[in-house]
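For reference, protein_32.tsv (TSV, C-alpha atoms and all ligand atoms):
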chain	number	residue	atom	x	y	z
G	1	MET	CA	31.98	136.21	-87.42
G	2	ASP	CA	30.97	133.32	-85.24
G	3	ASN	CA	30.83	130.74	-88.01
G	4	ASN	CA	31.96	127.24	-87.16
G	5	ARG	CA	32.03	127.60	-83.44
G	6	GLN	CA	33.86	125.43	-80.95
G	7	LYS	CA	31.67	122.90	-79.19
G	8	GLY	CA	30.09	124.47	-76.14
G	9	ILE	CA	28.46	123.88	-72.79
G	10	LEU	CA	24.74	123.14	-73.14
G	11	TYR	CA	22.18	123.74	-70.40
G	12	ILE	CA	18.81	122.12	-71.02
G	13	VAL	CA	16.14	124.13	-69.19
G	14	VAL	CA	12.97	122.29	-68.18
G	15	PRO	CA	10.01	124.12	-66.57
G	16	CYS	CA	8.00	121.83	-64.29
G	17	PHE	CA	4.64	122.47	-62.70
G	18	ASN	CA	3.03	119.53	-60.90
G	19	GLU	CA	4.86	117.08	-63.13
G	20	GLU	CA	5.25	114.17	-60.67
G	21	GLU	CA	3.80	111.72	-63.17
G	22	ALA	CA	6.02	112.68	-66.08
G	23	LEU	CA	9.24	113.83	-64.49
G	24	GLU	CA	11.08	110.59	-63.83
G	25	THR	CA	10.56	109.20	-67.32
G	26	SER	CA	11.37	112.56	-68.89
G	27	ALA	CA	14.53	113.00	-66.81
G	28	GLU	CA	15.70	109.56	-67.89
G	29	LYS	CA	15.17	110.40	-71.56
G	30	LEU	CA	16.84	113.78	-71.21
G	31	LEU	CA	19.85	112.29	-69.42
G	32	GLU	CA	20.13	109.65	-72.11
G	33	LYS	CA	20.13	112.39	-74.74
G	34	LEU	CA	22.71	114.42	-72.84
G	35	TYR	CA	25.03	111.41	-72.48
G	36	GLU	CA	24.66	110.73	-76.18
G	37	LEU	CA	25.46	114.35	-77.08
G	38	LYS	CA	28.53	114.26	-74.85
G	39	ALA	CA	29.70	110.88	-76.14
G	40	ASN	CA	29.41	112.07	-79.72
G	41	GLY	CA	31.47	115.15	-78.93
G	42	VAL	CA	28.58	117.50	-79.74
G	43	VAL	CA	28.59	119.31	-76.38
G	44	CYS	CA	31.11	119.76	-73.55
G	45	GLU	CA	31.34	117.58	-70.45
G	46	GLU	CA	30.14	120.42	-68.20
G	47	SER	CA	26.70	120.42	-69.87
G	48	ARG	CA	23.75	120.18	-67.50
G	49	ILE	CA	19.98	119.80	-67.20
G	50	VAL	CA	18.23	122.45	-65.07
G	51	PHE	CA	14.77	121.64	-63.75
G	52	VAL	CA	12.80	124.71	-62.71
G	53	ASP	CA	10.04	123.84	-60.27
G	54	ASP	CA	7.38	126.47	-60.81
G	55	GLY	CA	5.86	126.26	-57.34
G	56	SER	CA	4.51	122.71	-57.70
G	57	LYS	CA	2.15	121.39	-55.06
G	58	ASP	CA	2.93	117.72	-55.66
G	59	ARG	CA	6.14	115.65	-55.36
G	60	THR	CA	7.92	117.42	-58.23
G	61	TRP	CA	10.57	119.06	-56.03
G	62	GLU	CA	11.28	115.80	-54.17
G	63	ILE	CA	11.84	114.08	-57.49
G	64	ILE	CA	14.16	116.85	-58.66
G	65	LYS	CA	16.09	116.59	-55.38
G	66	ALA	CA	16.50	112.84	-55.76
G	67	LEU	CA	17.64	113.28	-59.36
G	68	TYR	CA	20.12	115.94	-58.25
G	69	GLU	CA	21.56	113.65	-55.60
G	70	SER	CA	22.03	110.76	-57.99
G	71	HIS	CA	23.26	112.63	-61.07
G	72	GLU	CA	25.91	115.30	-61.29
G	73	GLU	CA	24.41	116.51	-64.58
G	74	ILE	CA	21.26	117.70	-62.86
G	75	LYS	CA	20.52	121.03	-61.21
G	76	GLY	CA	17.32	122.31	-59.67
G	77	LEU	CA	15.73	125.69	-59.12
G	78	ARG	CA	12.58	126.20	-57.15
G	79	PHE	CA	10.07	129.04	-57.00
G	80	ALA	CA	8.12	129.55	-53.81
G	81	HIS	CA	4.89	129.70	-55.76
G	82	ASN	CA	3.53	129.36	-59.26
G	83	ARG	CA	4.90	132.12	-61.50
G	84	GLY	CA	3.91	130.58	-64.82
G	85	HIS	CA	5.61	128.72	-67.64
G	86	GLN	CA	7.17	131.83	-69.23
G	87	ASN	CA	8.78	132.96	-65.98
G	88	ALA	CA	10.03	129.45	-65.26
G	89	ILE	CA	11.76	129.27	-68.64
G	90	LEU	CA	13.19	132.75	-68.24
G	91	ALA	CA	14.49	132.04	-64.74
G	92	GLY	CA	16.15	128.84	-65.94
G	93	MET	CA	17.81	130.61	-68.86
G	94	MET	CA	18.96	133.59	-66.77
G	95	TYR	CA	20.46	131.19	-64.26
G	96	ALA	CA	22.08	129.08	-66.96
G	97	VAL	CA	23.67	132.03	-68.78
G	98	LYS	CA	26.18	132.27	-65.93
G	99	TYR	CA	27.54	128.82	-66.70
G	100	CYS	CA	26.83	127.81	-70.28
G	101	ASP	CA	27.40	128.73	-73.92
G	102	PHE	CA	23.84	128.00	-74.99
G	103	THR	CA	20.52	126.75	-73.63
G	104	ILE	CA	17.75	124.60	-75.04
G	105	THR	CA	14.33	124.91	-73.39
G	106	ILE	CA	11.95	121.96	-73.52
G	107	ASP	CA	8.70	121.04	-71.73
G	108	ALA	CA	8.81	118.53	-68.90
G	109	ASP	CA	6.29	116.22	-70.58
G	110	LEU	CA	8.70	115.79	-73.53
G	111	GLN	CA	5.89	116.22	-76.02
G	112	GLN	CA	8.58	117.83	-78.12
G	113	ASP	CA	10.94	115.45	-79.86
G	114	VAL	CA	14.29	115.37	-78.00
G	115	ASN	CA	15.94	113.97	-81.10
G	116	ALA	CA	15.61	117.37	-82.77
G	117	MET	CA	18.31	118.66	-80.38
G	118	GLU	CA	21.16	117.64	-82.71
G	119	ARG	CA	19.63	119.81	-85.43
G	120	PHE	CA	19.24	122.74	-83.03
G	121	ILE	CA	22.89	122.41	-82.05
G	122	GLY	CA	23.93	121.99	-85.71
G	123	ALA	CA	22.32	125.34	-86.53
G	124	TYR	CA	24.03	126.92	-83.51
G	125	MET	CA	27.41	125.55	-84.62
G	126	GLU	CA	26.84	127.17	-87.98
G	127	GLY	CA	26.46	130.55	-86.32
G	128	SER	CA	22.80	130.98	-85.35
G	129	GLU	CA	22.29	132.80	-82.05
G	130	ILE	CA	18.65	131.72	-81.77
G	131	VAL	CA	17.17	128.52	-83.16
G	132	TYR	CA	13.36	128.39	-83.12
G	133	GLY	CA	11.53	125.12	-82.81
G	134	VAL	CA	8.48	125.06	-85.04
G	135	ARG	CA	6.08	122.15	-84.73
G	136	ASN	CA	5.29	120.14	-87.83
G	137	SER	CA	1.61	119.80	-87.13
G	138	ARG	CA	-1.01	120.13	-84.44
G	139	ASP	CA	-2.40	116.65	-84.94
G	140	THR	CA	-1.85	115.70	-81.32
G	141	ASP	CA	-3.85	118.66	-80.01
G	142	GLY	CA	-7.54	118.47	-79.24
G	143	PHE	CA	-10.07	120.45	-81.25
G	144	PHE	CA	-10.26	123.30	-78.74
G	145	LYS	CA	-6.48	123.76	-78.46
G	146	LYS	CA	-6.11	123.70	-82.24
G	147	LEU	CA	-8.84	126.28	-82.70
G	148	SER	CA	-7.57	128.59	-79.96
G	149	ALA	CA	-4.00	128.35	-81.29
G	150	THR	CA	-5.14	129.23	-84.81
G	151	ILE	CA	-7.17	132.21	-83.58
G	152	PHE	CA	-4.25	133.31	-81.42
G	153	TYR	CA	-1.61	133.21	-84.17
G	154	LYS	CA	-3.92	134.89	-86.67
G	155	SER	CA	-4.74	137.71	-84.26
G	156	MET	CA	-1.07	138.15	-83.38
G	157	LYS	CA	-0.34	138.60	-87.10
G	158	LEU	CA	-3.22	141.06	-87.36
G	159	MET	CA	-1.75	143.03	-84.46
G	160	ASP	CA	1.62	143.30	-86.24
G	161	CYS	CA	3.45	141.09	-83.78
G	162	ASN	CA	6.46	139.43	-85.31
G	163	ILE	CA	5.96	135.79	-84.34
G	164	TYR	CA	6.57	132.41	-85.95
G	165	GLU	CA	3.33	130.52	-86.41
G	166	ASN	CA	3.26	127.34	-84.37
G	167	SER	CA	6.55	128.19	-82.73
G	168	ALA	CA	6.90	126.56	-79.37
G	169	ASP	CA	9.05	127.34	-76.37
G	170	TYR	CA	11.36	124.55	-77.59
G	171	ARG	CA	14.22	126.81	-78.52
G	172	LEU	CA	17.98	127.18	-78.51
G	173	MET	CA	19.55	130.45	-77.37
G	174	SER	CA	23.23	131.34	-77.39
G	175	ARG	CA	24.82	133.25	-74.55
G	176	LYS	CA	24.80	136.40	-76.66
G	177	ALA	CA	21.03	136.05	-77.24
G	178	LEU	CA	20.44	135.34	-73.54
G	179	GLU	CA	22.39	138.44	-72.56
G	180	ALA	CA	20.28	140.48	-74.95
G	181	LEU	CA	17.11	138.93	-73.52
G	182	SER	CA	18.18	139.86	-69.99
G	183	GLU	CA	17.92	143.52	-71.03
G	184	TYR	CA	14.17	143.16	-71.53
G	185	GLY	CA	12.67	144.11	-68.21
G	186	GLU	CA	8.96	143.59	-68.72
G	187	VAL	CA	6.91	141.76	-66.12
G	188	ASN	CA	4.18	140.57	-68.50
G	189	LEU	CA	6.29	138.12	-70.35
G	190	PHE	CA	5.66	136.68	-73.76
G	191	LEU	CA	8.92	135.10	-74.88
G	192	ARG	CA	7.70	134.00	-78.30
G	193	GLY	CA	7.21	137.66	-79.14
G	194	ILE	CA	10.21	139.17	-77.36
G	195	ILE	CA	12.85	136.81	-78.69
G	196	PRO	CA	12.30	137.59	-82.41
G	197	ASP	CA	12.56	141.23	-81.35
G	198	ILE	CA	16.18	140.69	-80.29
G	199	GLY	CA	16.99	140.42	-83.98
G	200	LEU	CA	20.13	138.28	-83.84
G	201	LYS	CA	20.96	135.70	-86.50
G	202	SER	CA	18.42	132.91	-86.25
G	203	SER	CA	17.19	129.76	-87.91
G	204	VAL	CA	14.30	127.33	-87.64
G	205	VAL	CA	14.16	123.63	-86.84
G	206	HIS	CA	10.97	121.63	-87.44
G	207	PHE	CA	10.10	118.97	-84.94
G	208	GLU	CA	7.42	116.40	-84.19
G	209	VAL	CA	4.99	116.76	-81.31
G	210	PHE	CA	3.81	113.68	-79.43
G	211	PRO	CA	0.76	113.32	-77.22
G	212	ARG	CA	1.39	113.86	-73.50
G	213	MET	CA	2.21	110.45	-72.06
G	214	GLN	CA	1.85	111.14	-68.33
G	215	GLY	CA	-0.33	113.54	-66.40
G	216	GLU	CA	-2.55	116.23	-67.83
G	217	SER	CA	-1.89	119.57	-69.47
G	218	LYS	CA	-0.79	122.18	-66.93
G	219	TYR	CA	-2.02	124.96	-69.18
G	220	SER	CA	-5.46	125.73	-67.87
G	221	LEU	CA	-7.86	127.78	-69.93
G	222	SER	CA	-7.16	130.86	-67.80
G	223	LYS	CA	-3.38	130.42	-68.21
G	224	MET	CA	-3.81	130.16	-71.98
G	225	PHE	CA	-5.99	133.26	-71.98
G	226	THR	CA	-3.45	135.22	-69.90
G	227	LEU	CA	-0.65	134.17	-72.25
G	228	ALA	CA	-2.65	135.27	-75.29
G	229	VAL	CA	-3.59	138.63	-73.75
G	230	ASP	CA	0.03	139.17	-72.65
G	231	GLY	CA	1.15	138.35	-76.16
G	232	ILE	CA	-1.16	140.85	-77.78
G	233	THR	CA	-0.95	143.70	-75.28
G	234	SER	CA	2.82	143.60	-74.91
G	235	PHE	CA	3.45	143.95	-78.63
G	236	SER	CA	0.75	146.09	-80.07
G	237	ILE	CA	-1.37	149.10	-79.30
G	238	LYS	CA	-3.58	148.24	-82.25
G	239	PRO	CA	-6.51	147.09	-80.06
G	240	ILE	CA	-6.63	150.53	-78.44
G	241	ARG	CA	-6.54	152.11	-81.87
G	242	MET	CA	-9.39	149.84	-82.93
G	243	VAL	CA	-11.42	151.02	-79.94
G	244	PHE	CA	-10.75	154.58	-81.05
G	245	MET	CA	-11.91	153.77	-84.60
G	246	MET	CA	-15.02	152.07	-83.20
G	247	GLY	CA	-15.75	155.25	-81.24
G	248	ILE	CA	-15.48	157.39	-84.36
G	249	LEU	CA	-17.74	154.99	-86.25
G	250	ALA	CA	-20.32	155.04	-83.46
G	251	LEU	CA	-20.24	158.84	-83.46
G	252	MET	CA	-20.82	158.94	-87.21
G	253	VAL	CA	-23.74	156.56	-86.91
G	254	GLY	CA	-25.04	158.67	-84.03
G	255	PHE	CA	-24.86	161.78	-86.19
G	256	PHE	CA	-26.95	160.16	-88.94
G	257	MET	CA	-29.35	158.91	-86.30
G	258	ILE	CA	-29.91	162.48	-85.08
G	259	ILE	CA	-30.78	163.59	-88.60
G	260	HIS	CA	-33.04	160.57	-88.92
G	261	ILE	CA	-34.80	161.24	-85.59
G	262	ILE	CA	-35.36	164.91	-86.41
G	263	TYR	CA	-36.78	163.91	-89.78
G	264	GLU	CA	-39.09	161.36	-88.16
G	265	HIS	CA	-40.14	163.89	-85.56
G	266	TYR	CA	-41.25	166.54	-88.06
G	267	PHE	CA	-42.67	164.29	-90.74
G	268	GLY	CA	-44.67	162.21	-88.39
G	269	TYR	CA	-43.56	158.59	-88.79
G	270	THR	CA	-43.66	157.61	-85.15
G	271	VAL	CA	-43.54	153.85	-85.63
G	272	SER	CA	-42.77	152.11	-82.38
G	273	GLY	CA	-39.18	150.89	-82.66
G	274	TRP	CA	-38.92	148.70	-79.64
G	275	SER	CA	-36.65	146.04	-81.17
G	276	SER	CA	-34.29	148.46	-82.83
G	277	ILE	CA	-33.90	150.49	-79.64
G	278	LEU	CA	-33.26	147.40	-77.59
G	279	MET	CA	-30.77	146.13	-80.14
G	280	SER	CA	-28.82	149.33	-80.18
G	281	ILE	CA	-28.68	149.38	-76.39
G	282	TRP	CA	-27.17	145.92	-76.35
G	283	VAL	CA	-24.80	146.44	-79.24
G	284	LEU	CA	-23.59	149.81	-78.02
G	285	GLY	CA	-23.46	148.63	-74.40
G	286	GLY	CA	-21.39	145.65	-75.48
G	287	ALA	CA	-19.07	147.78	-77.57
G	288	VAL	CA	-18.56	150.22	-74.70
G	289	LEU	CA	-17.83	147.45	-72.22
G	290	LEU	CA	-15.44	145.71	-74.61
G	291	SER	CA	-13.63	148.95	-75.28
G	292	LEU	CA	-13.34	149.70	-71.60
G	293	GLY	CA	-12.04	146.20	-71.05
G	294	ILE	CA	-9.35	146.59	-73.67
G	295	ILE	CA	-8.24	149.91	-72.26
G	296	GLY	CA	-8.36	148.42	-68.78
G	297	GLU	CA	-6.00	145.63	-69.84
G	298	TYR	CA	-3.44	148.17	-70.98
G	299	VAL	CA	-3.83	150.40	-67.95
G	300	GLY	CA	-3.57	147.39	-65.66
G	301	ARG	CA	-0.45	146.15	-67.37
G	302	ASN	CA	1.07	149.57	-67.18
G	303	TYR	CA	0.42	149.58	-63.47
G	304	LEU	CA	2.09	146.21	-63.01
G	305	GLU	CA	5.11	147.22	-65.09
G	306	THR	CA	5.69	150.46	-63.20
G	307	LYS	CA	5.99	148.62	-59.91
G	308	HIS	CA	9.13	146.83	-61.15
G	309	ARG	CA	8.49	143.85	-58.97
G	310	PRO	CA	10.86	140.92	-59.43
G	311	ARG	CA	9.47	138.39	-61.88
G	312	TYR	CA	10.52	135.47	-59.72
G	313	TYR	CA	12.48	134.63	-56.66
G	314	PHE	CA	14.34	131.36	-56.14
G	315	TRP	CA	13.36	129.61	-52.99
G	316	GLU	CA	15.94	126.85	-53.29
G	317	ILE	CA	18.82	126.15	-55.64
G	318	LEU	CA	20.40	122.74	-56.13
G	319	SER	CA	23.84	123.17	-57.64
G	320	ARG	CA	27.32	121.76	-57.14
G	321	ASP	CA	28.94	124.93	-58.44
G	322	GLU	CA	30.91	127.08	-56.06
G	323	ASN	CA	29.50	130.27	-57.49
G	324	VAL	CA	26.99	131.84	-55.22
G	325	ILE	CA	24.41	133.65	-57.26
G	326	ASP	CA	21.78	136.14	-56.45
G	327	THR	CA	18.55	134.35	-55.73
G	328	LYS	CA	16.67	137.22	-57.22
G	329	ASP	CA	16.13	138.07	-60.83
G	330	GLN	CA	18.71	140.66	-62.10
C	1	LIG	N1	4.33	124.78	-66.81
C	1	LIG	C1	4.92	125.61	-65.84
C	1	LIG	N2	4.12	126.47	-65.15
C	1	LIG	C2	2.76	126.55	-65.35
C	1	LIG	C3	2.18	125.72	-66.36
C	1	LIG	C4	2.99	124.87	-67.07
C	1	LIG	O1	6.13	125.57	-65.63
C	1	LIG	O2	2.12	127.35	-64.68
C	1	LIG	C5	5.22	123.86	-67.55
C	1	LIG	C6	4.78	122.41	-67.55
C	1	LIG	O3	5.26	121.71	-66.44
C	1	LIG	C7	5.38	121.91	-68.85
C	1	LIG	C8	5.31	123.13	-69.75
C	1	LIG	O4	5.16	124.26	-68.89
C	1	LIG	O5	6.75	121.56	-68.70
C	1	LIG	C9	4.19	123.06	-70.75
C	1	LIG	O6	2.98	122.76	-70.10
C	1	LIG	P1	1.96	121.67	-70.63
C	1	LIG	O7	2.71	120.54	-71.24
C	1	LIG	O8	1.05	121.32	-69.53
C	1	LIG	O9	1.21	122.51	-71.74
C	1	LIG	P2	0.62	122.00	-73.13
C	1	LIG	O10	1.64	121.08	-73.74
C	1	LIG	O11	-0.64	121.30	-72.77
C	1	LIG	O12	0.41	123.25	-73.88
C	2	MG	MG	2.67	119.58	-72.95
Could you take the file, read its structure, and then write that structure out as structure tokens?
Ligand code: UDP
Ligand code: MG
Amino acid sequence: MDNNRQKGILYIVVPCFNEEEALETSAEKLLEKLYELKANGVVCEESRIVFVDDGSKDRTWEIIKALYESHEEIKGLRFAHNRGHQNAILAGMMYAVKYCDFTITIDADLQQDVNAMERFIGAYMEGSEIVYGVRNSRDTDGFFKKLSATIFYKSMKLMDCNIYENSADYRLMSRKALEALSEYGEVNLFLRGIIPDIGLKSSVVHFEVFPRMQGESKYSLSKMFTLAVDGITSFSIKPIRMVFMMGILALMVGFFMIIHIIYEHYFGYTVSGWSSILMSIWVLGGAVLLSLGIIGEYVGRNYLETKHRPRYYFWEILSRDENVIDTKDQ
């Protein structure tokens, strides 16, 4: 039993993509929090903050470098190009697992309340291997984000994916949980779905979400769409099954149509059915295209997975540790 653990080394992992506006203020707040945690004896002296630059095109890396030079608590990792939020978090955690007892991941805009960290660590000290951050409300989100999030979580539930509603990537993971996560080799990453699948002892911390203070959201519509499709396709084959059911249904309707047509043919009701024919062309055409699309998503993902390409590759690493690590994932 791991109950009542010793205080440990914390690594705070922060994914950053074009965050030049927010980074300095956020780093200051995070450092303040880290100093406070250390001073109160909650975490060990060796605790660090790791910024993962996800291929930013602005001054993000320069800022991280300057922060690294002026603070021994700060480390930096840099991707050569944009690999996405999920990969940035994963890379940070997989790097950190070599040095720490547990990680907390948090967004660079600090929309998530840093003051919830004590509660995350409290749950870890009591034996949780994973502590999920669940947001109290979505009041700070715009109408579109709220709507898309609701549709997303509802469809994930419908597809049997085990996921906490409104869970964010603000999360604590122990070394044991990180080691388990490192065994998951998929390229199309959806951490919010994979992590509950690990199945270790977990708990939930509720936290407040604030509006983004600097810069704009780095989650474009296409990134959100990719994340949602990754989420659904990596956890469920239900959509393919639904396509199959739709096919059976269409066949049954087709069968009745044949009977109907034969009947019409012999009993002479040859009413011109322009609108109904046109409608069925569109509806069936749409259904066929949608079904092909769904199958295509799965086939495409299969193709990407079988190539076993690395998920990320560190271009630069800023660290004062002696340990030389592989720049490549796993
Ligand atoms: N992010 C990233 N790579 C991307 C997009 C976003 O590392 O391709 C980071 C971003 O810098 C931030 C976090 O992911 O730290 C969440 O992004 P953002 O705050 O823009 O998303 P939102 O809060 O609008 O959902
Ligand atoms: Mg944000």
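Minimum atom-to-atom distances from G:Val14, G:Val43, G:Ile240, G:Ala108 to G:Ser26 were compared using all atoms listed in the file, and the lowest value belongs to G:Ala108.
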- Within 8 Å of stretch 301-316 of chain G using all atoms listed in the file, minus same-chain residues under 4 positions, as JSON, numbers by chain: {"G": [76, 77, 78, 79, 80, 83, 87, 91, 186, 187, 188, 297, 327, 328, 329]}
- Residues within 9 Å of ligand LIG 1 (chain C), counting all atoms listed in the file: report them as a ChimeraX atom specification. /G:14-19,52-56,82-89,106-112,141,145,169,211-212,215-220,223-224
Those residues with C-alpha atoms, as a PDB file, keeping the file's coordinate frame please?
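Saved file selection_26.pdb follows:
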ATOM      1  CA  VAL G  14      12.970 122.290 -68.180  1.00  0.00           C
ATOM      2  CA  PRO G  15      10.010 124.120 -66.570  1.00  0.00           C
ATOM      3  CA  CYS G  16       8.000 121.830 -64.290  1.00  0.00           C
ATOM      4  CA  PHE G  17       4.640 122.470 -62.700  1.00  0.00           C
ATOM      5  CA  ASN G  18       3.030 119.530 -60.900  1.00  0.00           C
ATOM      6  CA  GLU G  19       4.860 117.080 -63.130  1.00  0.00           C
ATOM      7  CA  VAL G  52      12.800 124.710 -62.710  1.00  0.00           C
ATOM      8  CA  ASP G  53      10.040 123.840 -60.270  1.00  0.00           C
ATOM      9  CA  ASP G  54       7.380 126.470 -60.810  1.00  0.00           C
ATOM     10  CA  GLY G  55       5.860 126.260 -57.340  1.00  0.00           C
ATOM     11  CA  SER G  56       4.510 122.710 -57.700  1.00  0.00           C
ATOM     12  CA  ASN G  82       3.530 129.360 -59.260  1.00  0.00           C
ATOM     13  CA  ARG G  83       4.900 132.120 -61.500  1.00  0.00           C
ATOM     14  CA  GLY G  84       3.910 130.580 -64.820  1.00  0.00           C
ATOM     15  CA  HIS G  85       5.610 128.720 -67.640  1.00  0.00           C
ATOM     16  CA  GLN G  86       7.170 131.830 -69.230  1.00  0.00           C
ATOM     17  CA  ASN G  87       8.780 132.960 -65.980  1.00  0.00           C
ATOM     18  CA  ALA G  88      10.030 129.450 -65.260  1.00  0.00           C
ATOM     19  CA  ILE G  89      11.760 129.270 -68.640  1.00  0.00           C
ATOM     20  CA  ILE G 106      11.950 121.960 -73.520  1.00  0.00           C
ATOM     21  CA  ASP G 107       8.700 121.040 -71.730  1.00  0.00           C
ATOM     22  CA  ALA G 108       8.810 118.530 -68.900  1.00  0.00           C
ATOM     23  CA  ASP G 109       6.290 116.220 -70.580  1.00  0.00           C
ATOM     24  CA  LEU G 110       8.700 115.790 -73.530  1.00  0.00           C
ATOM     25  CA  GLN G 111       5.890 116.220 -76.020  1.00  0.00           C
ATOM     26  CA  GLN G 112       8.580 117.830 -78.120  1.00  0.00           C
ATOM     27  CA  ASP G 141      -3.850 118.660 -80.010  1.00  0.00           C
ATOM     28  CA  LYS G 145      -6.480 123.760 -78.460  1.00  0.00           C
ATOM     29  CA  ASP G 169       9.050 127.340 -76.370  1.00  0.00           C
ATOM     30  CA  PRO G 211       0.760 113.320 -77.220  1.00  0.00           C
ATOM     31  CA  ARG G 212       1.390 113.860 -73.500  1.00  0.00           C
ATOM     32  CA  GLY G 215      -0.330 113.540 -66.400  1.00  0.00           C
ATOM     33  CA  GLU G 216      -2.550 116.230 -67.830  1.00  0.00           C
ATOM     34  CA  SER G 217      -1.890 119.570 -69.470  1.00  0.00           C
ATOM     35  CA  LYS G 218      -0.790 122.180 -66.930  1.00  0.00           C
ATOM     36  CA  TYR G 219      -2.020 124.960 -69.180  1.00  0.00           C
ATOM     37  CA  SER G 220      -5.460 125.730 -67.870  1.00  0.00           C
ATOM     38  CA  LYS G 223      -3.380 130.420 -68.210  1.00  0.00           C
ATOM     39  CA  MET G 224      -3.810 130.160 -71.980  1.00  0.00           C
TER      40      MET G 224
END
- Non-local contacts of G:Ser174 (12 Å; only C-alpha atoms; under 2 positions in same chain excluded) as an MDAnalysis selection string: chainID G and resid 2 5 8:11 93:94 96:105 120:121 123:132 171:172 176:181 195 200:202
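The smallest atom-to-atom distance between ligand MG 2 (chain C) and any of G:Ser137, G:Phe225, G:His71, G:Tyr170, using all atoms listed in the file, is found for G:Tyr170.
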- Item | Separation of atom CA of G:His206 from atom CA of G:Asp139, in Å and rounded to one decimal | 14.5 Å
- Task: Take atom CA of G:Arg135 and atom CA of G:Glu208 and report the distance between them in Å, one decimal.
- Result: 5.9 Å
- Task: Using all atoms listed in the file, pick whichever of G:Ser234, G:Thr226, G:Thr140, G:Thr150 has the shortest atom-to-atom distance to ligand MG 2 (chain C).
- Result: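 Closest residue, counting all atoms listed in the file: G:Thr140.
Between ligand MG 2 (chain C) and the candidates G:Ile248, G:Val209, G:Cys161, G:Ile194, the tightest atom-to-atom separation, counting only C-alpha atoms and all ligand atoms, involves G:Val209.
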- Query: Closest to G:Asp113 among G:Arg241, G:Lys29, G:Arg59, G:Lys7, using all atoms listed in the file?
  - Reply: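 Looking at the shortest contact to G:Asp113, the residue is G:Lys29.
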Hey, could you patch up stretch 190-204 of chain G with N, CA and C atoms and hand it over as a PDB file, keeping the file's coordinate frame?
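The resulting out_18.pdb:
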ATOM      1  N   PHE G 190       6.074 137.552 -72.679  1.00  0.00           N
ATOM      2  CA  PHE G 190       5.660 136.680 -73.760  1.00  0.00           C
ATOM      3  C   PHE G 190       6.898 136.422 -74.631  1.00  0.00           C
ATOM      4  N   LEU G 191       7.612 135.341 -74.271  1.00  0.00           N
ATOM      5  CA  LEU G 191       8.920 135.100 -74.880  1.00  0.00           C
ATOM      6  C   LEU G 191       8.855 134.928 -76.383  1.00  0.00           C
ATOM      7  N   ARG G 192       7.785 134.265 -76.863  1.00  0.00           N
ATOM      8  CA  ARG G 192       7.700 134.000 -78.300  1.00  0.00           C
ATOM      9  C   ARG G 192       7.649 135.297 -79.103  1.00  0.00           C
ATOM     10  N   GLY G 193       7.234 136.375 -78.463  1.00  0.00           N
ATOM     11  CA  GLY G 193       7.210 137.660 -79.140  1.00  0.00           C
ATOM     12  C   GLY G 193       8.489 138.454 -78.910  1.00  0.00           C
ATOM     13  N   ILE G 194       9.030 138.357 -77.692  1.00  0.00           N
ATOM     14  CA  ILE G 194      10.210 139.170 -77.360  1.00  0.00           C
ATOM     15  C   ILE G 194      11.446 138.664 -78.098  1.00  0.00           C
ATOM     16  N   ILE G 195      11.600 137.347 -78.156  1.00  0.00           N
ATOM     17  CA  ILE G 195      12.850 136.810 -78.690  1.00  0.00           C
ATOM     18  C   ILE G 195      13.082 137.194 -80.156  1.00  0.00           C
ATOM     19  N   PRO G 196      12.051 137.119 -81.037  1.00  0.00           N
ATOM     20  CA  PRO G 196      12.300 137.590 -82.410  1.00  0.00           C
ATOM     21  C   PRO G 196      12.691 139.064 -82.438  1.00  0.00           C
ATOM     22  N   ASP G 197      12.260 139.806 -81.421  1.00  0.00           N
ATOM     23  CA  ASP G 197      12.560 141.230 -81.350  1.00  0.00           C
ATOM     24  C   ASP G 197      14.040 141.501 -81.091  1.00  0.00           C
ATOM     25  N   ILE G 198      14.747 140.517 -80.562  1.00  0.00           N
ATOM     26  CA  ILE G 198      16.180 140.690 -80.290  1.00  0.00           C
ATOM     27  C   ILE G 198      16.923 140.893 -81.614  1.00  0.00           C
ATOM     28  N   GLY G 199      16.476 140.165 -82.631  1.00  0.00           N
ATOM     29  CA  GLY G 199      16.990 140.420 -83.980  1.00  0.00           C
ATOM     30  C   GLY G 199      18.330 139.816 -84.324  1.00  0.00           C
ATOM     31  N   LEU G 200      18.857 138.915 -83.496  1.00  0.00           N
ATOM     32  CA  LEU G 200      20.130 138.280 -83.840  1.00  0.00           C
ATOM     33  C   LEU G 200      19.921 137.205 -84.898  1.00  0.00           C
ATOM     34  N   LYS G 201      21.032 136.725 -85.444  1.00  0.00           N
ATOM     35  CA  LYS G 201      20.960 135.700 -86.500  1.00  0.00           C
ATOM     36  C   LYS G 201      20.208 134.466 -85.985  1.00  0.00           C
ATOM     37  N   SER G 202      19.213 134.028 -86.753  1.00  0.00           N
ATOM     38  CA  SER G 202      18.420 132.910 -86.250  1.00  0.00           C
ATOM     39  C   SER G 202      18.112 131.906 -87.345  1.00  0.00           C
ATOM     40  N   SER G 203      17.670 130.746 -86.948  1.00  0.00           N
ATOM     41  CA  SER G 203      17.190 129.760 -87.910  1.00  0.00           C
ATOM     42  C   SER G 203      16.064 128.951 -87.291  1.00  0.00           C
ATOM     43  N   VAL G 204      15.482 128.068 -88.082  1.00  0.00           N
ATOM     44  CA  VAL G 204      14.300 127.330 -87.640  1.00  0.00           C
ATOM     45  C   VAL G 204      14.546 125.836 -87.771  1.00  0.00           C
TER      46      VAL G 204
END
